[in-house]
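Peer 1: Mind having a look at this structure? Questions to follow.
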Amino acid sequence: MIDLGSIEKAVEPVLAQEAVELVDLRYLQAGGRWVLRFYIDKHGGVTLDDCERISSRVGPLLDALNAVPYSYSLEVSSPGVDRVIKKKKDFERFSGHRVKVRLRTPVADQRRFQGFLKGLDGEALVLICGATEVRAELKDVEEARLDPEVAA
């Protein structure tokens with residue numbers, strides 16, 4: 001398997017030059033082919049031109065480093081309105097927002113929660129789910145995503 005951490009470190013300078021944040025990086029099989037997918041964001045949102053520019057800068061860098069020694073497709077995309085929340089700074093940034101959280105380890109016999117992100121308390125995520133406050137260690141979060149209310 002490839003080392004996503006090394007790839008992230010290698011592309012950080014390019015993303016910083018473009019004032020773009022790496023939200024998520026995934027290497028997965030889709031449609032019978034391997035895909036290295038970058039989810040990027042920036043202040044004001046990501047455009048198609050941003051995705052194309054980052055792809056044209058990151059692709060040759062990854063090839064030169066032989067970061068992915070197998071045949072793959074490179075995709076650069078916006079994280080979407082239901083963006084993943086992975087980093088500690090993201091949990092702080094999106095405090096007060098609606099989220100969906102799936103845990104590895106159940107809390108009160110439950111692994112899935114939907115509510116408002118209160119923020120962090122040390123290494124614990126704090127959610128407000130109705131009248132209940134839920135705490136879970138960040139290491140136990142399998143996936144957390146924004147859950148925006150979309151007007152019909």
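Starting from 1 in every chain, residues are counted up; chains themselves are A, B, ... following the order of the structure tokens, and ligands are numbered from 1 as listed.
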Taking only range 36-147 of chain A into account, list the residues labelled alpha helix (DSSP H) by DSSP (computed from the backbone), as a PyMOL selection string.
Peer 2: chain A and resi 48-65+88-93
Peer 1: What's around range 32-34 of chain A at 9 Å? Count only C-alpha atoms, leave out sequence neighbours fewer than 4 positions away in its own chain, and write the answer as a PDB file with N, CA and C atoms, in the first residue's frame.
Peer 2:
ATOM      1  N   TYR A  27      -6.753   6.858  -1.187  1.00  0.00           N
ATOM      2  CA  TYR A  27      -6.303   5.963  -2.255  1.00  0.00           C
ATOM      3  C   TYR A  27      -7.268   4.800  -2.232  1.00  0.00           C
ATOM      4  N   LEU A  28      -8.065   4.674  -3.289  1.00  0.00           N
ATOM      5  CA  LEU A  28      -9.134   3.690  -3.284  1.00  0.00           C
ATOM      6  C   LEU A  28      -9.376   3.132  -4.669  1.00  0.00           C
ATOM      7  N   TYR A  70       2.196   2.221  -8.730  1.00  0.00           N
ATOM      8  CA  TYR A  70       1.238   1.461  -9.535  1.00  0.00           C
ATOM      9  C   TYR A  70       0.506   2.424 -10.465  1.00  0.00           C
ATOM     10  N   SER A  71      -0.188   1.878 -11.420  1.00  0.00           N
ATOM     11  CA  SER A  71      -1.025   2.680 -12.308  1.00  0.00           C
ATOM     12  C   SER A  71      -2.212   3.225 -11.507  1.00  0.00           C
ATOM     13  N   TYR A  72      -2.481   4.514 -11.638  1.00  0.00           N
ATOM     14  CA  TYR A  72      -3.573   5.130 -10.888  1.00  0.00           C
ATOM     15  C   TYR A  72      -4.066   6.359 -11.638  1.00  0.00           C
ATOM     16  N   SER A  73      -5.222   6.842 -11.238  1.00  0.00           N
ATOM     17  CA  SER A  73      -5.754   8.113 -11.738  1.00  0.00           C
ATOM     18  C   SER A  73      -5.704   9.119 -10.607  1.00  0.00           C
ATOM     19  N   LEU A  74      -5.306  10.335 -10.925  1.00  0.00           N
ATOM     20  CA  LEU A  74      -5.272  11.414  -9.953  1.00  0.00           C
ATOM     21  C   LEU A  74      -6.543  12.228 -10.094  1.00  0.00           C
TER      22      LEU A  74
END
Peer 1: Would you list the contacts of Ala16 in chain A as a list in words, taking every protein, DNA or RNA residue within 12 Å and counting only C-alpha atoms, but skipping same-chain residues closer than 6 positions in sequence?
Peer 2: Glu8, Lys9, Ala10, Leu22, Ile40, Asp41, Lys42 and Ile54 of chain A
Peer 1: If we count only C-alpha atoms, what is near range 48-50 of chain A at a cut-off of 9 Å, once residues fewer than 5 positions away on the same chain are taken out, given as a list in words?
Peer 2: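 Selected residues are Glu18, Val20, Ile40, Ser55, Val76, Ser77 and Ser78 of chain A.
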Peer 1: Excluding range 131-135 of chain A and any residue of its chain fewer than 3 positions from it, enumerate the residues within 12 Å of it, using only C-alpha atoms, and give them as an MDAnalysis selection string.
Peer 2: chainID A and resid 101 103 105:128 138:141
Peer 1: For Asp147 in chain A, please output as a list of chain:residue names all residues within 10 Å (counting only C-alpha atoms; exclusion window: fewer than 2 positions along the same chain).
Peer 2: A:Val81, A:Asp82, A:Arg83, A:Val84, A:His97, A:Arg98, A:Val99, A:Lys100, A:Val101, A:Gln114, A:Gly115, A:Phe116, A:Ala144, A:Arg145, A:Glu149, A:Val150
Peer 1: Output C-alpha atoms for every residue in that selection, as a compact mmCIF listing (two decimals), in the first residue's frame.
Peer 2:
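again-v9.txt, written as the output of this step:
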# COMPACT_ATOMS: atom_id res chain seq x y z
CA VAL A 81 -21.01 20.76 1.52
CA ASP A 82 -20.83 17.61 3.66
CA ARG A 83 -17.06 17.82 3.94
CA VAL A 84 -15.19 15.42 6.14
CA HIS A 97 -22.15 23.42 12.98
CA ARG A 98 -24.44 20.43 12.43
CA VAL A 99 -22.47 17.20 12.01
CA LYS A 100 -22.84 13.47 11.58
CA VAL A 101 -20.35 11.33 13.46
CA GLN A 114 -26.19 13.58 14.51
CA GLY A 115 -26.14 16.91 16.28
CA PHE A 116 -24.21 20.11 16.76
CA ALA A 144 -17.17 12.96 11.00
CA ARG A 145 -18.85 15.13 8.37
CA GLU A 149 -29.42 21.85 6.32
CA VAL A 150 -30.17 22.29 2.63
Peer 1: Please return, as a PDB file with C-alpha atoms, in the first residue's frame, all residues of chain A that DSSP assigns to strand (DSSP E) on the basis of the backbone.
Peer 2:
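What landed in states_27.pdb:
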ATOM      1  CA  GLU A  21      -5.913  23.321   2.321  1.00  0.00           C
ATOM      2  CA  LEU A  22      -5.795  19.539   2.003  1.00  0.00           C
ATOM      3  CA  VAL A  23      -9.037  18.346   3.601  1.00  0.00           C
ATOM      4  CA  ASP A  24      -8.665  14.649   2.858  1.00  0.00           C
ATOM      5  CA  LEU A  25      -6.532  12.279   0.814  1.00  0.00           C
ATOM      6  CA  ARG A  26      -7.705   8.824  -0.208  1.00  0.00           C
ATOM      7  CA  TYR A  27      -6.303   5.963  -2.255  1.00  0.00           C
ATOM      8  CA  LEU A  28      -9.134   3.690  -3.284  1.00  0.00           C
ATOM      9  CA  GLN A  29     -10.463   1.457  -5.975  1.00  0.00           C
ATOM     10  CA  ALA A  30     -13.279   2.969  -8.033  1.00  0.00           C
ATOM     11  CA  ARG A  33      -9.157   1.292 -11.237  1.00  0.00           C
ATOM     12  CA  TRP A  34      -7.029   2.785  -8.471  1.00  0.00           C
ATOM     13  CA  VAL A  35      -7.635   6.449  -7.711  1.00  0.00           C
ATOM     14  CA  LEU A  36      -5.598   8.879  -5.627  1.00  0.00           C
ATOM     15  CA  ARG A  37      -8.156  11.494  -4.638  1.00  0.00           C
ATOM     16  CA  PHE A  38      -7.284  14.864  -3.125  1.00  0.00           C
ATOM     17  CA  TYR A  39     -10.064  16.874  -1.493  1.00  0.00           C
ATOM     18  CA  ILE A  40      -9.027  20.521  -1.289  1.00  0.00           C
ATOM     19  CA  ASP A  41     -10.588  23.677   0.065  1.00  0.00           C
ATOM     20  CA  SER A  73      -5.754   8.113 -11.738  1.00  0.00           C
ATOM     21  CA  LEU A  74      -5.272  11.414  -9.953  1.00  0.00           C
ATOM     22  CA  GLU A  75      -8.424  13.285  -8.974  1.00  0.00           C
ATOM     23  CA  VAL A  76      -8.604  16.673  -7.286  1.00  0.00           C
ATOM     24  CA  SER A  77     -11.976  17.706  -5.949  1.00  0.00           C
ATOM     25  CA  ARG A  98     -24.435  20.431  12.428  1.00  0.00           C
ATOM     26  CA  VAL A  99     -22.474  17.203  12.011  1.00  0.00           C
ATOM     27  CA  LYS A 100     -22.838  13.471  11.577  1.00  0.00           C
ATOM     28  CA  VAL A 101     -20.349  11.327  13.464  1.00  0.00           C
ATOM     29  CA  ARG A 102     -19.658   7.599  13.235  1.00  0.00           C
ATOM     30  CA  LEU A 103     -17.577   6.078  16.032  1.00  0.00           C
ATOM     31  CA  ARG A 104     -15.399   2.971  16.121  1.00  0.00           C
ATOM     32  CA  THR A 105     -16.355   2.362  19.752  1.00  0.00           C
ATOM     33  CA  PRO A 106     -19.978   2.848  20.882  1.00  0.00           C
ATOM     34  CA  VAL A 107     -20.954   5.500  23.390  1.00  0.00           C
ATOM     35  CA  GLN A 110     -24.590   3.905  19.896  1.00  0.00           C
ATOM     36  CA  ARG A 111     -22.018   4.430  17.124  1.00  0.00           C
ATOM     37  CA  ARG A 112     -23.799   7.035  14.953  1.00  0.00           C
ATOM     38  CA  PHE A 113     -24.681  10.510  16.117  1.00  0.00           C
ATOM     39  CA  GLN A 114     -26.188  13.578  14.507  1.00  0.00           C
ATOM     40  CA  GLY A 115     -26.135  16.914  16.284  1.00  0.00           C
ATOM     41  CA  PHE A 116     -24.209  20.110  16.761  1.00  0.00           C
ATOM     42  CA  LEU A 117     -20.483  20.157  17.285  1.00  0.00           C
ATOM     43  CA  LYS A 118     -19.794  21.926  20.558  1.00  0.00           C
ATOM     44  CA  GLY A 119     -16.057  21.644  20.022  1.00  0.00           C
ATOM     45  CA  LEU A 120     -13.165  19.854  21.660  1.00  0.00           C
ATOM     46  CA  ASP A 121     -12.364  19.217  25.290  1.00  0.00           C
ATOM     47  CA  ALA A 124     -12.470  14.533  23.210  1.00  0.00           C
ATOM     48  CA  LEU A 125     -15.111  15.578  20.715  1.00  0.00           C
ATOM     49  CA  VAL A 126     -18.208  17.130  22.301  1.00  0.00           C
ATOM     50  CA  LEU A 127     -21.573  16.928  20.500  1.00  0.00           C
ATOM     51  CA  ILE A 128     -24.970  18.278  21.441  1.00  0.00           C
ATOM     52  CA  CYS A 129     -27.608  15.782  20.317  1.00  0.00           C
ATOM     53  CA  THR A 132     -27.889  15.262  25.462  1.00  0.00           C
ATOM     54  CA  GLU A 133     -24.194  16.057  25.450  1.00  0.00           C
ATOM     55  CA  VAL A 134     -22.071  13.273  23.929  1.00  0.00           C
ATOM     56  CA  ARG A 135     -18.319  12.954  24.396  1.00  0.00           C
ATOM     57  CA  ALA A 136     -16.042  10.700  22.387  1.00  0.00           C
ATOM     58  CA  GLU A 137     -12.285  10.475  22.117  1.00  0.00           C
ATOM     59  CA  VAL A 141     -14.005   8.823  15.536  1.00  0.00           C
ATOM     60  CA  GLU A 142     -14.287   6.688  12.412  1.00  0.00           C
ATOM     61  CA  GLU A 143     -15.760   9.504  10.323  1.00  0.00           C
ATOM     62  CA  ALA A 144     -17.166  12.959  10.996  1.00  0.00           C
ATOM     63  CA  ARG A 145     -18.848  15.129   8.374  1.00  0.00           C
ATOM     64  CA  LEU A 146     -20.655  18.422   8.198  1.00  0.00           C
TER      65      LEU A 146
END
Peer 1: Would you mind telling me which residue in A:Val58, A:Glu92, A:Leu15, A:Gly80 lies nearest to Gly45 in chain A when using only C-alpha atoms?
Peer 2: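 Under the stated criterion, the closest residue is A:Gly80.
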Peer 1: Compile the contact shell of Pro69 in chain A as number ranges by chain: residues with an atom at most 12 Å away, counting only C-alpha atoms, same-chain residues fewer than 3 positions apart removed.
Peer 2: A: 1-3, 34, 36, 62-66, 72
